[in-house]
file protein-v3.cif (mmCIF, C-alpha atoms)
data_my_file
loop_
_atom_site.label_atom_id
_atom_site.label_comp_id
_atom_site.auth_asym_id
_atom_site.auth_seq_id
_atom_site.Cartn_x
_atom_site.Cartn_y
_atom_site.Cartn_z
CA MET C 1 28.91 -150.46 143.98
CA GLU C 2 29.50 -153.83 145.68
CA HIS C 3 28.43 -155.81 142.63
CA ALA C 4 30.73 -153.69 140.50
CA MET C 5 33.61 -156.03 141.23
CA GLN C 6 31.80 -158.82 139.37
CA GLY C 7 30.31 -156.93 136.48
CA VAL C 8 28.78 -153.67 135.38
CA PRO C 9 25.05 -153.18 134.80
CA LEU C 10 23.76 -153.69 131.28
CA SER C 11 22.74 -150.03 131.12
CA TRP C 12 26.41 -148.98 131.08
CA TYR C 13 26.86 -150.79 127.77
CA LEU C 14 23.79 -149.04 126.36
CA ILE C 15 25.03 -145.65 127.57
CA LEU C 16 28.46 -146.31 126.03
CA SER C 17 26.65 -147.13 122.79
CA ALA C 18 24.72 -143.84 123.02
CA ILE C 19 27.96 -141.87 123.64
CA LEU C 20 29.66 -143.44 120.60
CA PHE C 21 26.56 -142.80 118.47
CA GLY C 22 26.52 -139.15 119.57
CA LEU C 23 30.20 -138.75 118.75
CA GLY C 24 29.49 -140.26 115.33
CA ILE C 25 26.76 -137.65 114.77
CA CYS C 26 29.20 -134.91 115.86
CA GLY C 27 31.80 -136.12 113.35
CA PHE C 28 29.13 -136.29 110.64
CA MET C 29 28.12 -132.68 111.34
CA PHE C 30 31.49 -131.05 112.13
CA ARG C 31 33.94 -132.56 109.66
CA ARG C 32 34.15 -131.39 106.08
CA ASN C 33 36.32 -134.13 104.60
CA LEU C 34 34.10 -136.62 102.77
CA ILE C 35 36.13 -139.63 103.98
CA THR C 36 35.97 -138.55 107.64
CA VAL C 37 32.20 -138.05 107.32
CA PHE C 38 31.98 -141.60 105.96
CA MET C 39 34.07 -142.95 108.85
CA SER C 40 31.68 -141.27 111.31
CA ILE C 41 28.84 -143.26 109.72
CA GLU C 42 30.88 -146.45 110.33
CA LEU C 43 31.27 -145.36 113.98
CA MET C 44 27.49 -145.01 114.32
CA LEU C 45 26.93 -148.48 112.81
CA ASN C 46 29.46 -149.92 115.29
CA SER C 47 27.76 -148.34 118.29
CA VAL C 48 24.41 -149.81 117.25
CA ASN C 49 26.11 -153.22 116.94
CA LEU C 50 27.25 -152.86 120.55
CA SER C 51 23.69 -152.39 121.79
CA PHE C 52 22.49 -155.35 119.67
CA VAL C 53 25.12 -157.61 121.28
CA ALA C 54 24.32 -156.23 124.76
CA PHE C 55 20.62 -157.07 124.32
CA SER C 56 21.61 -160.50 123.01
CA HIS C 57 23.44 -161.08 126.30
CA GLN C 58 20.48 -159.73 128.25
CA PHE C 59 17.91 -162.06 126.66
CA ARG C 60 20.33 -165.04 126.53
CA SER C 61 19.58 -165.42 122.83
CA VAL C 62 21.87 -165.42 119.80
CA ASP C 63 19.44 -163.44 117.59
CA GLY C 64 20.94 -160.04 118.42
CA GLN C 65 24.38 -161.24 117.38
CA ILE C 66 22.97 -162.37 114.02
CA TYR C 67 21.44 -158.91 113.50
CA SER C 68 24.80 -157.32 114.19
CA PHE C 69 26.37 -159.79 111.72
CA PHE C 70 23.95 -158.54 109.05
CA VAL C 71 24.76 -154.94 109.97
CA MET C 72 28.45 -155.75 109.36
CA VAL C 73 27.63 -157.22 105.93
CA VAL C 74 25.63 -154.13 104.98
CA ALA C 75 28.46 -151.90 106.26
CA ALA C 76 30.97 -153.75 104.06
CA ALA C 77 28.76 -153.35 100.98
CA GLU C 78 28.15 -149.69 101.85
CA ALA C 79 31.89 -149.04 102.27
CA ALA C 80 32.64 -150.55 98.86
CA VAL C 81 30.03 -148.46 97.03
CA GLY C 82 30.69 -145.32 99.09
CA LEU C 83 34.42 -145.35 98.50
CA ALA C 84 33.82 -145.86 94.77
CA ILE C 85 31.54 -142.78 94.82
CA ILE C 86 34.23 -140.81 96.70
CA LEU C 87 36.81 -141.83 94.08
CA THR C 88 34.51 -140.64 91.29
CA VAL C 89 33.78 -137.35 93.07
CA PHE C 90 37.49 -136.70 93.54
CA ARG C 91 38.20 -137.53 89.89
CA ASN C 92 35.59 -135.05 88.67
CA ARG C 93 35.98 -132.23 91.23
CA LYS C 94 39.59 -132.58 92.45
CA THR C 95 38.38 -131.97 96.01
CA LEU C 96 36.77 -133.84 98.92
CA GLU C 97 35.45 -130.82 100.85
CA VAL C 98 31.71 -131.29 101.34
CA ASP C 99 31.18 -127.51 101.07
CA GLN C 100 32.39 -127.58 97.48
CA VAL C 101 30.41 -130.67 96.42
CA ASP C 102 26.96 -129.07 96.67
CA SER C 103 25.36 -129.26 93.22
CA LEU C 104 22.26 -130.93 94.67
CA LYS C 105 21.73 -128.12 97.19
CA LEU C 106 18.74 -125.86 96.60
CA MET O 1 37.45 -158.11 136.92
CA SER O 2 34.76 -157.82 134.23
CA ALA O 3 34.01 -154.32 135.49
CA LEU O 4 37.68 -153.30 135.30
CA ILE O 5 38.04 -154.60 131.73
CA PHE O 6 34.81 -152.87 130.73
CA LEU O 7 35.93 -149.54 132.20
CA ILE O 8 39.36 -149.69 130.54
CA PHE O 9 38.09 -150.54 127.08
CA ALA O 10 35.07 -148.24 127.27
CA PHE O 11 37.49 -145.41 128.10
CA VAL O 12 39.76 -146.38 125.19
CA ALA O 13 36.77 -146.50 122.82
CA ILE O 14 35.47 -143.08 123.88
CA ALA O 15 38.96 -141.52 123.72
CA CYS O 16 39.55 -142.92 120.23
CA ALA O 17 36.10 -141.76 119.08
CA ILE O 18 36.76 -138.22 120.36
CA ASN O 19 40.13 -138.29 118.57
CA LEU O 20 38.34 -139.37 115.37
CA VAL O 21 36.04 -136.36 115.57
CA VAL O 22 38.60 -133.67 116.46
CA GLN O 23 41.53 -134.62 114.20
CA ARG O 24 41.93 -132.81 110.89
CA HIS O 25 43.94 -135.46 109.06
CA PRO O 26 41.92 -138.42 107.72
CA ILE O 27 44.73 -140.96 108.37
CA VAL O 28 44.67 -140.17 112.11
CA SER O 29 40.88 -140.48 112.09
CA ALA O 30 41.10 -143.87 110.37
CA LEU O 31 43.62 -145.20 112.91
CA SER O 32 41.40 -143.96 115.78
CA LEU O 33 38.48 -145.81 114.23
CA VAL O 34 40.61 -148.99 114.25
CA GLY O 35 41.16 -148.37 117.99
CA VAL O 36 37.41 -148.02 118.58
CA MET O 37 36.71 -151.25 116.68
CA CYS O 38 39.35 -153.30 118.52
CA SER O 39 38.14 -152.14 121.95
CA LEU O 40 34.55 -152.89 120.93
CA ALA O 41 35.74 -156.41 119.98
CA VAL O 42 36.99 -156.89 123.56
CA LEU O 43 33.59 -155.73 124.87
CA TYR O 44 31.86 -158.27 122.57
CA LEU O 45 34.05 -160.98 124.12
CA LEU O 46 32.93 -159.84 127.59
CA LEU O 47 29.32 -160.12 126.43
CA GLY O 48 29.92 -163.70 125.26
CA ALA O 49 29.85 -162.99 121.52
CA GLU O 50 33.03 -164.75 120.40
CA PHE O 51 32.10 -165.09 116.74
CA ILE O 52 31.06 -161.44 116.43
CA ALA O 53 34.28 -160.33 118.17
CA ALA O 54 36.41 -162.29 115.68
CA THR O 55 34.36 -160.96 112.75
CA GLN O 56 34.71 -157.44 114.09
CA VAL O 57 38.51 -157.67 114.08
CA ILE O 58 38.79 -159.50 110.75
CA VAL O 59 36.12 -157.77 108.67
CA TYR O 60 35.87 -154.29 110.20
CA ALA O 61 39.34 -153.53 111.57
CA GLY O 62 41.01 -155.64 108.89
CA ALA O 63 39.20 -155.43 105.57
CA ILE O 64 37.03 -152.30 105.69
CA MET O 65 39.59 -150.05 107.39
CA VAL O 66 42.38 -151.19 105.05
CA MET O 67 40.12 -150.18 102.17
CA PHE O 68 39.60 -146.76 103.82
CA LEU O 69 43.35 -146.27 104.33
CA PHE O 70 43.95 -147.37 100.75
CA VAL O 71 41.56 -144.73 99.39
CA ILE O 72 42.95 -142.01 101.71
CA MET O 73 46.50 -142.70 100.54
CA LEU O 74 45.43 -143.00 96.90
CA LEU O 75 43.67 -139.61 96.89
CA ASN O 76 46.20 -137.92 99.22
CA THR O 77 43.99 -134.94 100.06
CA GLY O 78 45.98 -133.96 103.17
CA VAL O 79 44.79 -131.85 106.07
CA GLU O 80 41.27 -130.42 106.03
CA SER O 81 41.21 -126.67 105.48
CA LYS O 82 39.99 -124.29 108.17
CA VAL O 83 36.89 -122.17 107.59
CA PRO O 84 37.07 -119.24 110.05
CA GLY O 85 34.02 -118.42 112.16
CA LYS O 86 32.01 -121.49 111.26
CA SER O 87 33.71 -123.99 113.58
CA LEU O 88 33.32 -121.80 116.71
CA LEU O 89 29.55 -121.60 116.24
CA SER O 90 29.29 -125.35 115.72
CA LYS O 91 31.33 -125.93 118.90
CA ILE O 92 29.15 -123.57 120.94
CA ILE O 93 25.92 -125.23 119.79
CA GLY O 94 27.08 -128.77 119.09
CA ILE O 95 28.76 -129.78 122.34
CA PRO O 96 25.78 -128.88 124.62
CA VAL O 97 23.41 -130.61 122.20
CA PHE O 98 25.60 -133.73 122.32
CA LEU O 99 25.65 -133.67 126.13
CA VAL O 100 21.87 -133.22 126.29
CA PHE O 101 21.38 -136.14 123.85
CA VAL O 102 23.55 -138.49 125.92
CA GLY O 103 22.00 -137.29 129.17
CA VAL O 104 18.43 -137.83 127.98
CA ILE O 105 19.24 -141.33 126.69
CA ALA O 106 21.02 -142.28 129.93
CA TYR O 107 18.11 -140.97 131.99
CA LEU O 108 15.54 -142.86 129.91
CA ILE O 109 17.52 -146.12 130.10
CA GLN O 110 17.96 -145.87 133.87
CA ARG O 111 14.37 -144.86 134.45
CA HIS O 112 12.32 -146.99 132.09
CA TYR O 113 14.36 -150.04 131.13
CA VAL O 114 13.43 -152.54 133.82
CA ASN O 115 16.33 -154.99 133.48
CA ALA O 116 19.01 -152.32 133.27
CA GLU O 117 20.51 -153.24 136.66
CA ALA O 118 21.22 -156.90 135.81
CA PRO O 119 25.01 -157.19 135.94
CA VAL O 120 26.96 -158.38 132.90
CA ILE O 121 29.45 -161.01 134.03
CA PHE O 122 31.90 -162.79 131.74
CA GLY O 123 30.82 -166.41 131.29
CA ASN O 124 27.14 -165.87 132.07
CA PHE O 125 26.14 -166.32 128.45
CA THR O 126 28.17 -168.65 126.25
CA GLY O 127 25.79 -169.02 123.32
CA GLY O 128 27.79 -166.84 120.94
CA GLY O 129 30.30 -169.27 119.53
CA PRO O 130 30.57 -170.09 115.80
CA ARG O 131 28.56 -173.29 116.30
CA GLU O 132 25.49 -171.60 117.77
CA VAL O 133 25.61 -168.64 115.39
CA GLY O 134 26.05 -170.95 112.39
CA LEU O 135 23.20 -173.22 113.43
CA ARG O 136 20.82 -170.27 113.74
CA LEU O 137 22.14 -168.53 110.63
CA PHE O 138 21.67 -171.53 108.32
CA THR O 139 18.25 -172.59 109.60
CA GLN O 140 16.06 -169.76 110.84
CA TYR O 141 17.89 -166.91 109.09
CA LEU O 142 18.68 -168.71 105.83
CA LEU O 143 16.62 -166.37 103.61
CA PRO O 144 18.23 -163.13 104.92
CA PHE O 145 21.63 -164.79 104.61
CA GLU O 146 21.06 -165.63 100.95
CA THR O 147 19.65 -162.13 100.35
CA THR O 148 22.84 -160.56 101.71
CA SER O 149 24.86 -162.57 99.19
CA ILE O 150 22.83 -160.94 96.40
CA LEU O 151 23.30 -157.55 98.10
CA ILE O 152 27.08 -158.02 98.13
CA LEU O 153 27.04 -159.06 94.47
CA ILE O 154 25.14 -155.86 93.59
CA ALA O 155 27.59 -153.81 95.71
CA ILE O 156 30.57 -155.31 93.86
CA LEU O 157 28.97 -154.51 90.49
CA GLY O 158 28.14 -150.98 91.64
CA ALA O 159 31.66 -150.34 92.91
CA VAL O 160 33.21 -151.58 89.67
CA VAL O 161 30.84 -149.51 87.51
CA LEU O 162 31.32 -146.33 89.60
CA ALA O 163 35.10 -146.48 89.95
CA ARG O 164 35.77 -147.55 86.36
CA LYS O 165 37.66 -145.15 84.14
CA GLU O 166 35.68 -143.99 81.12
CA LEU O 167 37.18 -145.43 77.95
CA ASP O 168 36.51 -143.61 74.75
#

call {"tool": "encode", "arguments": {"input": "protein-v3.cif", "output": "C-alpha coordinates"}}
result
Amino acid sequence: MEHAMQGVPLSWYLILSAILFGLGICGFMFRRNLITVFMSIELMLNSVNLSFVAFSHQFRSVDGQIYSFFVMVVAAAEAAVGLAIILTVFRNRKTLEVDQVDSLKL
Amino acid sequence: MSALIFLIFAFVAIACAINLVVQRHPIVSALSLVGVMCSLAVLYLLLGAEFIAATQVIVYAGAIMVMFLFVIMLLNTGVESKVPGKSLLSKIIGIPVFLVFVGVIAYLIQRHYVNAEAPVIFGNFTGGGPREVGLRLFTQYLLPFETTSILILIAILGAVVLARKELD
(Lines of atoms letter the chains of each structure in order from A and count residues from 1; the text may use other names and numbers.)
(Lines give C-alpha, C1' and ligand atoms only; values in the text may rest on other atoms or scores of the structure.)
Protein backbone atom coordinates (compact mmCIF):
# COMPACT_ATOMS: atom_id res chain seq x y z
CA MET A 1 0.00 0.00 0.00
CA GLU A 2 2.99 2.38 0.04
CA HIS A 3 2.52 3.41 -3.57
CA ALA A 4 -1.15 4.04 -2.88
CA MET A 5 -0.35 7.57 -1.79
CA GLN A 6 0.78 8.39 -5.34
CA GLY A 7 -1.77 6.53 -7.37
CA VAL A 8 -3.92 3.44 -7.56
CA PRO A 9 -3.15 0.47 -9.82
CA LEU A 10 -4.75 0.44 -13.25
CA SER A 11 -6.69 -2.69 -12.32
CA TRP A 12 -8.80 -0.69 -9.85
CA TYR A 13 -10.15 1.38 -12.73
CA LEU A 14 -10.98 -1.79 -14.66
CA ILE A 15 -12.70 -3.32 -11.62
CA LEU A 16 -14.71 -0.11 -11.10
CA SER A 17 -15.72 -0.37 -14.76
CA ALA A 18 -16.82 -3.99 -14.21
CA ILE A 19 -18.86 -3.02 -11.12
CA LEU A 20 -20.66 -0.23 -13.01
CA PHE A 21 -21.31 -2.58 -15.95
CA GLY A 22 -22.75 -5.19 -13.59
CA LEU A 23 -25.01 -2.62 -11.96
CA GLY A 24 -26.16 -1.59 -15.43
CA ILE A 25 -27.07 -5.22 -16.19
CA CYS A 26 -28.95 -5.41 -12.86
CA GLY A 27 -30.95 -2.30 -13.72
CA PHE A 28 -31.67 -3.69 -17.19
CA MET A 29 -33.00 -6.93 -15.67
CA PHE A 30 -34.77 -5.66 -12.53
CA ARG A 31 -36.51 -2.47 -13.58
CA ARG A 32 -39.77 -2.49 -15.48
CA ASN A 33 -39.98 1.15 -16.52
CA LEU A 34 -38.84 1.46 -20.14
CA ILE A 35 -36.97 4.74 -19.49
CA THR A 36 -35.05 3.31 -16.52
CA VAL A 37 -34.10 0.27 -18.61
CA PHE A 38 -32.78 2.66 -21.25
CA MET A 39 -30.79 4.62 -18.65
CA SER A 40 -29.18 1.34 -17.50
CA ILE A 41 -27.94 0.84 -21.07
CA GLU A 42 -26.39 4.33 -20.92
CA LEU A 43 -24.69 3.30 -17.64
CA MET A 44 -23.18 0.24 -19.34
CA LEU A 45 -21.88 2.37 -22.25
CA ASN A 46 -20.30 4.77 -19.73
CA SER A 47 -18.53 1.98 -17.85
CA VAL A 48 -17.03 0.67 -21.09
CA ASN A 49 -15.83 4.22 -21.87
CA LEU A 50 -14.01 4.22 -18.53
CA SER A 51 -12.05 1.10 -19.42
CA PHE A 52 -11.23 2.51 -22.88
CA VAL A 53 -9.78 5.66 -21.28
CA ALA A 54 -7.91 3.60 -18.66
CA PHE A 55 -6.25 1.51 -21.39
CA SER A 56 -5.45 4.71 -23.28
CA HIS A 57 -3.55 5.90 -20.19
CA GLN A 58 -1.86 2.52 -19.86
CA PHE A 59 -0.52 2.43 -23.44
CA ARG A 60 0.25 6.19 -23.51
CA SER A 61 -1.78 6.50 -26.69
CA VAL A 62 -4.76 8.67 -27.57
CA ASP A 63 -6.53 5.96 -29.61
CA GLY A 64 -8.62 4.68 -26.69
CA GLN A 65 -9.96 8.16 -26.05
CA ILE A 66 -11.03 8.42 -29.70
CA TYR A 67 -12.89 5.11 -29.40
CA SER A 68 -14.71 6.41 -26.34
CA PHE A 69 -15.52 9.59 -28.31
CA PHE A 70 -17.17 7.43 -30.99
CA VAL A 71 -19.05 5.51 -28.30
CA MET A 72 -20.43 8.84 -27.05
CA VAL A 73 -21.57 9.78 -30.57
CA VAL A 74 -23.32 6.42 -30.98
CA ALA A 75 -24.91 6.82 -27.53
CA ALA A 76 -26.28 10.24 -28.51
CA ALA A 77 -27.79 8.87 -31.73
CA GLU A 78 -29.17 5.87 -29.84
CA ALA A 79 -30.75 8.11 -27.19
CA ALA A 80 -32.48 10.22 -29.85
CA VAL A 81 -33.98 7.23 -31.66
CA GLY A 82 -34.74 5.29 -28.46
CA LEU A 83 -36.59 8.16 -26.82
CA ALA A 84 -38.61 8.66 -30.02
CA ILE A 85 -39.55 4.95 -29.89
CA ILE A 86 -40.52 5.32 -26.20
CA LEU A 87 -42.72 8.32 -27.07
CA THR A 88 -44.46 6.30 -29.79
CA VAL A 89 -44.95 3.30 -27.49
CA PHE A 90 -46.49 5.52 -24.82
CA ARG A 91 -48.77 7.19 -27.36
CA ASN A 92 -50.10 3.84 -28.59
CA ARG A 93 -50.20 1.85 -25.32
CA LYS A 94 -50.57 4.52 -22.61
CA THR A 95 -48.01 2.65 -20.50
CA LEU A 96 -44.24 2.22 -20.16
CA GLU A 97 -44.23 -1.06 -18.20
CA VAL A 98 -42.14 -3.57 -20.13
CA ASP A 99 -44.41 -6.41 -18.95
CA GLN A 100 -47.32 -4.89 -20.85
CA VAL A 101 -45.39 -4.12 -24.05
CA ASP A 102 -44.84 -7.75 -25.08
CA SER A 103 -46.47 -8.24 -28.49
CA LEU A 104 -43.23 -9.64 -29.92
CA LYS A 105 -42.99 -12.30 -27.20
CA LEU A 106 -43.61 -15.89 -28.27
CA MET B 1 -3.55 12.47 -3.63
CA SER B 2 -4.53 10.75 -6.89
CA ALA B 3 -5.50 7.69 -4.87
CA LEU B 4 -7.69 9.73 -2.53
CA ILE B 5 -9.50 11.45 -5.42
CA PHE B 6 -9.97 8.10 -7.16
CA LEU B 7 -11.43 6.49 -4.03
CA ILE B 8 -13.83 9.37 -3.36
CA PHE B 9 -15.20 9.57 -6.89
CA ALA B 10 -15.28 5.80 -7.42
CA PHE B 11 -17.38 5.58 -4.24
CA VAL B 12 -19.69 8.36 -5.47
CA ALA B 13 -20.07 6.64 -8.85
CA ILE B 14 -20.92 3.25 -7.32
CA ALA B 15 -23.35 4.82 -4.81
CA CYS B 16 -25.13 6.74 -7.56
CA ALA B 17 -25.27 3.63 -9.78
CA ILE B 18 -26.81 1.57 -6.95
CA ASN B 19 -29.32 4.39 -6.38
CA LEU B 20 -30.16 4.32 -10.10
CA VAL B 21 -30.96 0.61 -9.91
CA VAL B 22 -32.99 0.57 -6.68
CA GLN B 23 -35.12 3.71 -7.07
CA ARG B 24 -38.65 3.36 -8.39
CA HIS B 25 -39.09 6.88 -9.73
CA PRO B 26 -37.41 7.57 -13.10
CA ILE B 27 -36.53 11.20 -12.21
CA VAL B 28 -34.41 10.02 -9.25
CA SER B 29 -32.74 7.45 -11.50
CA ALA B 30 -31.95 10.13 -14.09
CA LEU B 31 -30.38 12.44 -11.48
CA SER B 32 -28.29 9.51 -10.14
CA LEU B 33 -27.08 8.85 -13.67
CA VAL B 34 -25.96 12.50 -13.87
CA GLY B 35 -23.99 11.89 -10.65
CA VAL B 36 -22.31 8.80 -12.16
CA MET B 37 -21.38 10.73 -15.31
CA CYS B 38 -19.90 13.72 -13.45
CA SER B 39 -17.77 11.51 -11.19
CA LEU B 40 -16.61 9.54 -14.23
CA ALA B 41 -15.58 12.88 -15.79
CA VAL B 42 -13.32 13.52 -12.78
CA LEU B 43 -11.78 10.06 -13.23
CA TYR B 44 -11.14 10.84 -16.92
CA LEU B 45 -9.28 13.98 -15.82
CA LEU B 46 -7.15 11.83 -13.48
CA LEU B 47 -6.35 9.56 -16.43
CA GLY B 48 -5.22 12.55 -18.50
CA ALA B 49 -8.20 12.65 -20.87
CA GLU B 50 -9.14 16.32 -20.67
CA PHE B 51 -11.09 16.46 -23.92
CA ILE B 52 -13.12 13.35 -23.11
CA ALA B 53 -13.87 14.69 -19.61
CA ALA B 54 -15.23 17.95 -21.05
CA THR B 55 -17.24 16.06 -23.66
CA GLN B 56 -18.61 13.77 -20.98
CA VAL B 57 -19.97 16.71 -18.98
CA ILE B 58 -21.25 18.68 -21.98
CA VAL B 59 -22.69 15.92 -24.17
CA TYR B 60 -23.66 13.19 -21.69
CA ALA B 61 -24.54 15.00 -18.47
CA GLY B 62 -25.76 18.06 -20.37
CA ALA B 63 -27.46 17.14 -23.62
CA ILE B 64 -28.43 13.47 -23.36
CA MET B 65 -29.64 13.59 -19.75
CA VAL B 66 -31.65 16.77 -20.35
CA MET B 67 -33.37 14.91 -23.21
CA PHE B 68 -34.11 12.01 -20.82
CA LEU B 69 -35.53 14.35 -18.17
CA PHE B 70 -37.56 16.11 -20.84
CA VAL B 71 -39.17 12.83 -21.97
CA ILE B 72 -39.77 11.69 -18.36
CA MET B 73 -41.55 14.93 -17.52
CA LEU B 74 -43.46 14.94 -20.82
CA LEU B 75 -44.84 11.42 -20.31
CA ASN B 76 -45.25 11.78 -16.51
CA THR B 77 -45.62 8.05 -15.83
CA GLY B 78 -44.86 8.36 -12.11
CA VAL B 79 -43.68 5.61 -9.79
CA GLU B 80 -43.20 2.10 -11.14
CA SER B 81 -45.84 -0.33 -9.91
CA LYS B 82 -44.95 -3.24 -7.63
CA VAL B 83 -45.42 -6.81 -8.83
CA PRO B 84 -45.60 -9.01 -5.70
CA GLY B 85 -43.44 -12.14 -5.54
CA LYS B 86 -41.39 -11.44 -8.64
CA SER B 87 -38.94 -8.93 -7.16
CA LEU B 88 -37.97 -11.18 -4.20
CA LEU B 89 -36.94 -14.00 -6.54
CA SER B 90 -34.91 -11.62 -8.70
CA LYS B 91 -33.17 -10.27 -5.58
CA ILE B 92 -32.34 -13.76 -4.30
CA ILE B 93 -30.85 -14.85 -7.63
CA GLY B 94 -29.63 -11.54 -9.05
CA ILE B 95 -27.44 -10.18 -6.27
CA PRO B 96 -25.25 -13.34 -5.91
CA VAL B 97 -24.93 -13.53 -9.70
CA PHE B 98 -23.80 -9.89 -9.77
CA LEU B 99 -21.24 -10.52 -7.02
CA VAL B 100 -19.91 -13.62 -8.81
CA PHE B 101 -19.62 -11.66 -12.09
CA VAL B 102 -17.62 -8.85 -10.46
CA GLY B 103 -15.50 -11.32 -8.49
CA VAL B 104 -14.58 -13.38 -11.55
CA ILE B 105 -13.66 -10.27 -13.56
CA ALA B 106 -11.55 -8.87 -10.69
CA TYR B 107 -9.79 -12.21 -10.28
CA LEU B 108 -9.06 -12.51 -14.00
CA ILE B 109 -7.72 -8.93 -14.20
CA GLN B 110 -5.45 -9.39 -11.19
CA ARG B 111 -4.25 -12.79 -12.33
CA HIS B 112 -3.78 -12.50 -16.06
CA TYR B 113 -3.38 -8.84 -16.96
CA VAL B 114 0.36 -8.31 -16.67
CA ASN B 115 0.49 -4.51 -16.39
CA ALA B 116 -2.34 -4.27 -13.87
CA GLU B 117 -0.04 -3.13 -11.06
CA ALA B 118 1.33 -0.05 -12.87
CA PRO B 119 0.10 2.91 -10.81
CA VAL B 120 -2.03 5.61 -12.40
CA ILE B 121 -0.63 8.99 -11.38
CA PHE B 122 -2.09 12.34 -12.42
CA GLY B 123 0.23 14.01 -14.93
CA ASN B 124 1.89 10.82 -16.18
CA PHE B 125 0.07 10.98 -19.50
CA THR B 126 -0.83 14.37 -20.95
CA GLY B 127 -1.68 13.35 -24.50
CA GLY B 128 -5.44 13.77 -24.11
CA GLY B 129 -5.92 17.44 -24.79
CA PRO B 130 -8.09 18.80 -27.63
CA ARG B 131 -5.01 19.35 -29.80
CA GLU B 132 -3.81 15.74 -29.72
CA VAL B 133 -7.30 14.27 -30.03
CA GLY B 134 -8.14 16.60 -32.93
CA LEU B 135 -4.91 15.84 -34.77
CA ARG B 136 -5.56 12.10 -34.57
CA LEU B 137 -9.28 12.44 -35.27
CA PHE B 138 -8.86 14.45 -38.48
CA THR B 139 -5.99 12.42 -39.94
CA GLN B 140 -6.00 8.75 -39.03
CA TYR B 141 -9.66 8.50 -38.00
CA LEU B 142 -11.12 10.80 -40.65
CA LEU B 143 -13.26 8.11 -42.34
CA PRO B 144 -14.96 6.94 -39.09
CA PHE B 145 -15.51 10.58 -38.16
CA GLU B 146 -17.29 11.32 -41.43
CA THR B 147 -19.28 8.08 -41.09
CA THR B 148 -20.56 9.16 -37.68
CA SER B 149 -21.86 12.38 -39.22
CA ILE B 150 -23.98 10.27 -41.60
CA LEU B 151 -25.06 8.11 -38.64
CA ILE B 152 -26.24 11.18 -36.74
CA LEU B 153 -28.10 12.44 -39.81
CA ILE B 154 -29.91 9.08 -40.06
CA ALA B 155 -30.67 9.18 -36.31
CA ILE B 156 -32.20 12.66 -36.63
CA LEU B 157 -34.38 11.51 -39.54
CA GLY B 158 -35.41 8.39 -37.63
CA ALA B 159 -36.31 10.34 -34.50
CA VAL B 160 -38.39 12.82 -36.48
CA VAL B 161 -40.21 10.08 -38.40
CA LEU B 162 -40.90 7.99 -35.27
CA ALA B 163 -42.06 10.80 -32.98
CA ARG B 164 -44.14 12.59 -35.62
CA LYS B 165 -47.87 12.76 -35.08
CA GLU B 166 -49.88 11.04 -37.80
CA LEU B 167 -51.77 13.61 -39.84
CA ASP B 168 -54.82 12.44 -41.68

call {"tool": "resolve_selection", "arguments": {"input": "protein-v3.cif", "expression": "the PyMOL selection byres ((chain O and resi 117) around 9)", "output": "MDAnalysis selection string"}}
result
(chainID C and resid 8:11) or (chainID O and resid 110 113:116 118:119)

call {"tool": "residues_around", "arguments": {"input": "protein-v3.cif", "residues": "segment 92-98 of chain O", "least_positions_apart": "5", "cutoff": "8 Å", "atoms": "only C-alpha atoms", "output": "PDB file with C-alpha atoms, keeping the file's coordinate frame"}}
result
ATOM      1  CA  GLY C  22      26.520-139.150 119.570  1.00  0.00           C
ATOM      2  CA  LEU C  23      30.200-138.750 118.750  1.00  0.00           C
ATOM      3  CA  CYS C  26      29.200-134.910 115.860  1.00  0.00           C
TER       4      CYS C  26
END

call {"tool": "atom_distance", "arguments": {"input": "protein-v3.cif", "atom1": "atom CA of Ala61 of chain O", "atom2": "atom CA of Met73 of chain O"}}
result
17.0 Å

call {"tool": "atom_distance", "arguments": {"input": "protein-v3.cif", "atom1": "atom CA of Val89 of chain C", "atom2": "atom CA of Leu75 of chain O"}}
result
10.8 Å

call {"tool": "resolve_selection", "arguments": {"input": "protein-v3.cif", "expression": "the PyMOL selection byres ((chain O and resi 122-134) around 8)", "output": "PyMOL selection string"}}
result
(chain C and resi 7+57+60-62+65-66) or (chain O and resi 2+46-52+120-121+135-138)

call {"tool": "atom_distance", "arguments": {"input": "protein-v3.cif", "atom1": "atom CA of Lys165 of chain O", "atom2": "atom CA of Phe70 of chain O"}}
result
17.9 Å

call {"tool": "closest_residue", "arguments": {"input": "protein-v3.cif", "among": "O:Val57, O:Leu151, O:Ile5, O:Met67", "to": "Phe70 of chain C", "atoms": "only C-alpha atoms"}}
result
O:Leu151

call {"tool": "resolve_selection", "arguments": {"input": "protein-v3.cif", "expression": "the PyMOL selection byres ((chain C and resi 40) around 9)", "output": "MDAnalysis selection string"}}
result
(chainID C and resid 21 23:28 35:39 41:45) or (chainID O and resid 17 20:21 33)

call {"tool": "residues_near_point", "arguments": {"input": "protein-v3.cif", "point": "(30.2, -151.3, 124.6)", "cutoff": "9 Å", "atoms": "only C-alpha atoms", "output": "number ranges by chain"}}
result
C: 12-17, 20, 47, 49-51, 53-54; O: 6, 9-10, 13, 39-44

call {"tool": "closest_residue", "arguments": {"input": "protein-v3.cif", "among": "O:Ile58, O:Gly158, O:Ile105, O:Thr77", "to": "His25 of chain O", "atoms": "all atoms listed in the file"}}
result
O:Thr77

call {"tool": "closest_residue", "arguments": {"input": "protein-v3.cif", "among": "O:Ser149, O:Cys38, O:Ile18, O:Ala3", "to": "Ala76 of chain C", "atoms": "all atoms listed in the file"}}
result
O:Ser149

call {"tool": "residues_around", "arguments": {"input": "protein-v3.cif", "residues": "Leu162 of chain O", "least_positions_apart": "5", "cutoff": "9 Å", "atoms": "only C-alpha atoms", "output": "list in words"}}
result
Val81, Ala84, Ile85, Leu87 and Thr88 of chain C; Leu157 of chain O

call {"tool": "write_last_selection", "arguments": {"input": "protein-v3.cif", "atoms": "C-alpha atoms", "output": "PDB file, in the coordinates of the input"}}
result
ATOM      1  CA  VAL C  81      30.030-148.460  97.030  1.00  0.00           C
ATOM      2  CA  ALA C  84      33.820-145.860  94.770  1.00  0.00           C
ATOM      3  CA  ILE C  85      31.540-142.780  94.820  1.00  0.00           C
ATOM      4  CA  LEU C  87      36.810-141.830  94.080  1.00  0.00           C
ATOM      5  CA  THR C  88      34.510-140.640  91.290  1.00  0.00           C
TER       6      THR C  88
ATOM      7  CA  LEU O 157      28.970-154.510  90.490  1.00  0.00           C
TER       8      LEU O 157
END

call {"tool": "closest_residue", "arguments": {"input": "protein-v3.cif", "among": "O:Leu89, O:Glu80, O:Ile150, O:Leu69", "to": "chain C", "atoms": "all atoms listed in the file"}}
result
O:Glu80

call {"tool": "closest_residue", "arguments": {"input": "protein-v3.cif", "among": "C:Val98, C:Val71, C:Ala77, C:Val48", "to": "Met29 of chain C", "atoms": "only C-alpha atoms"}}
result
C:Val98
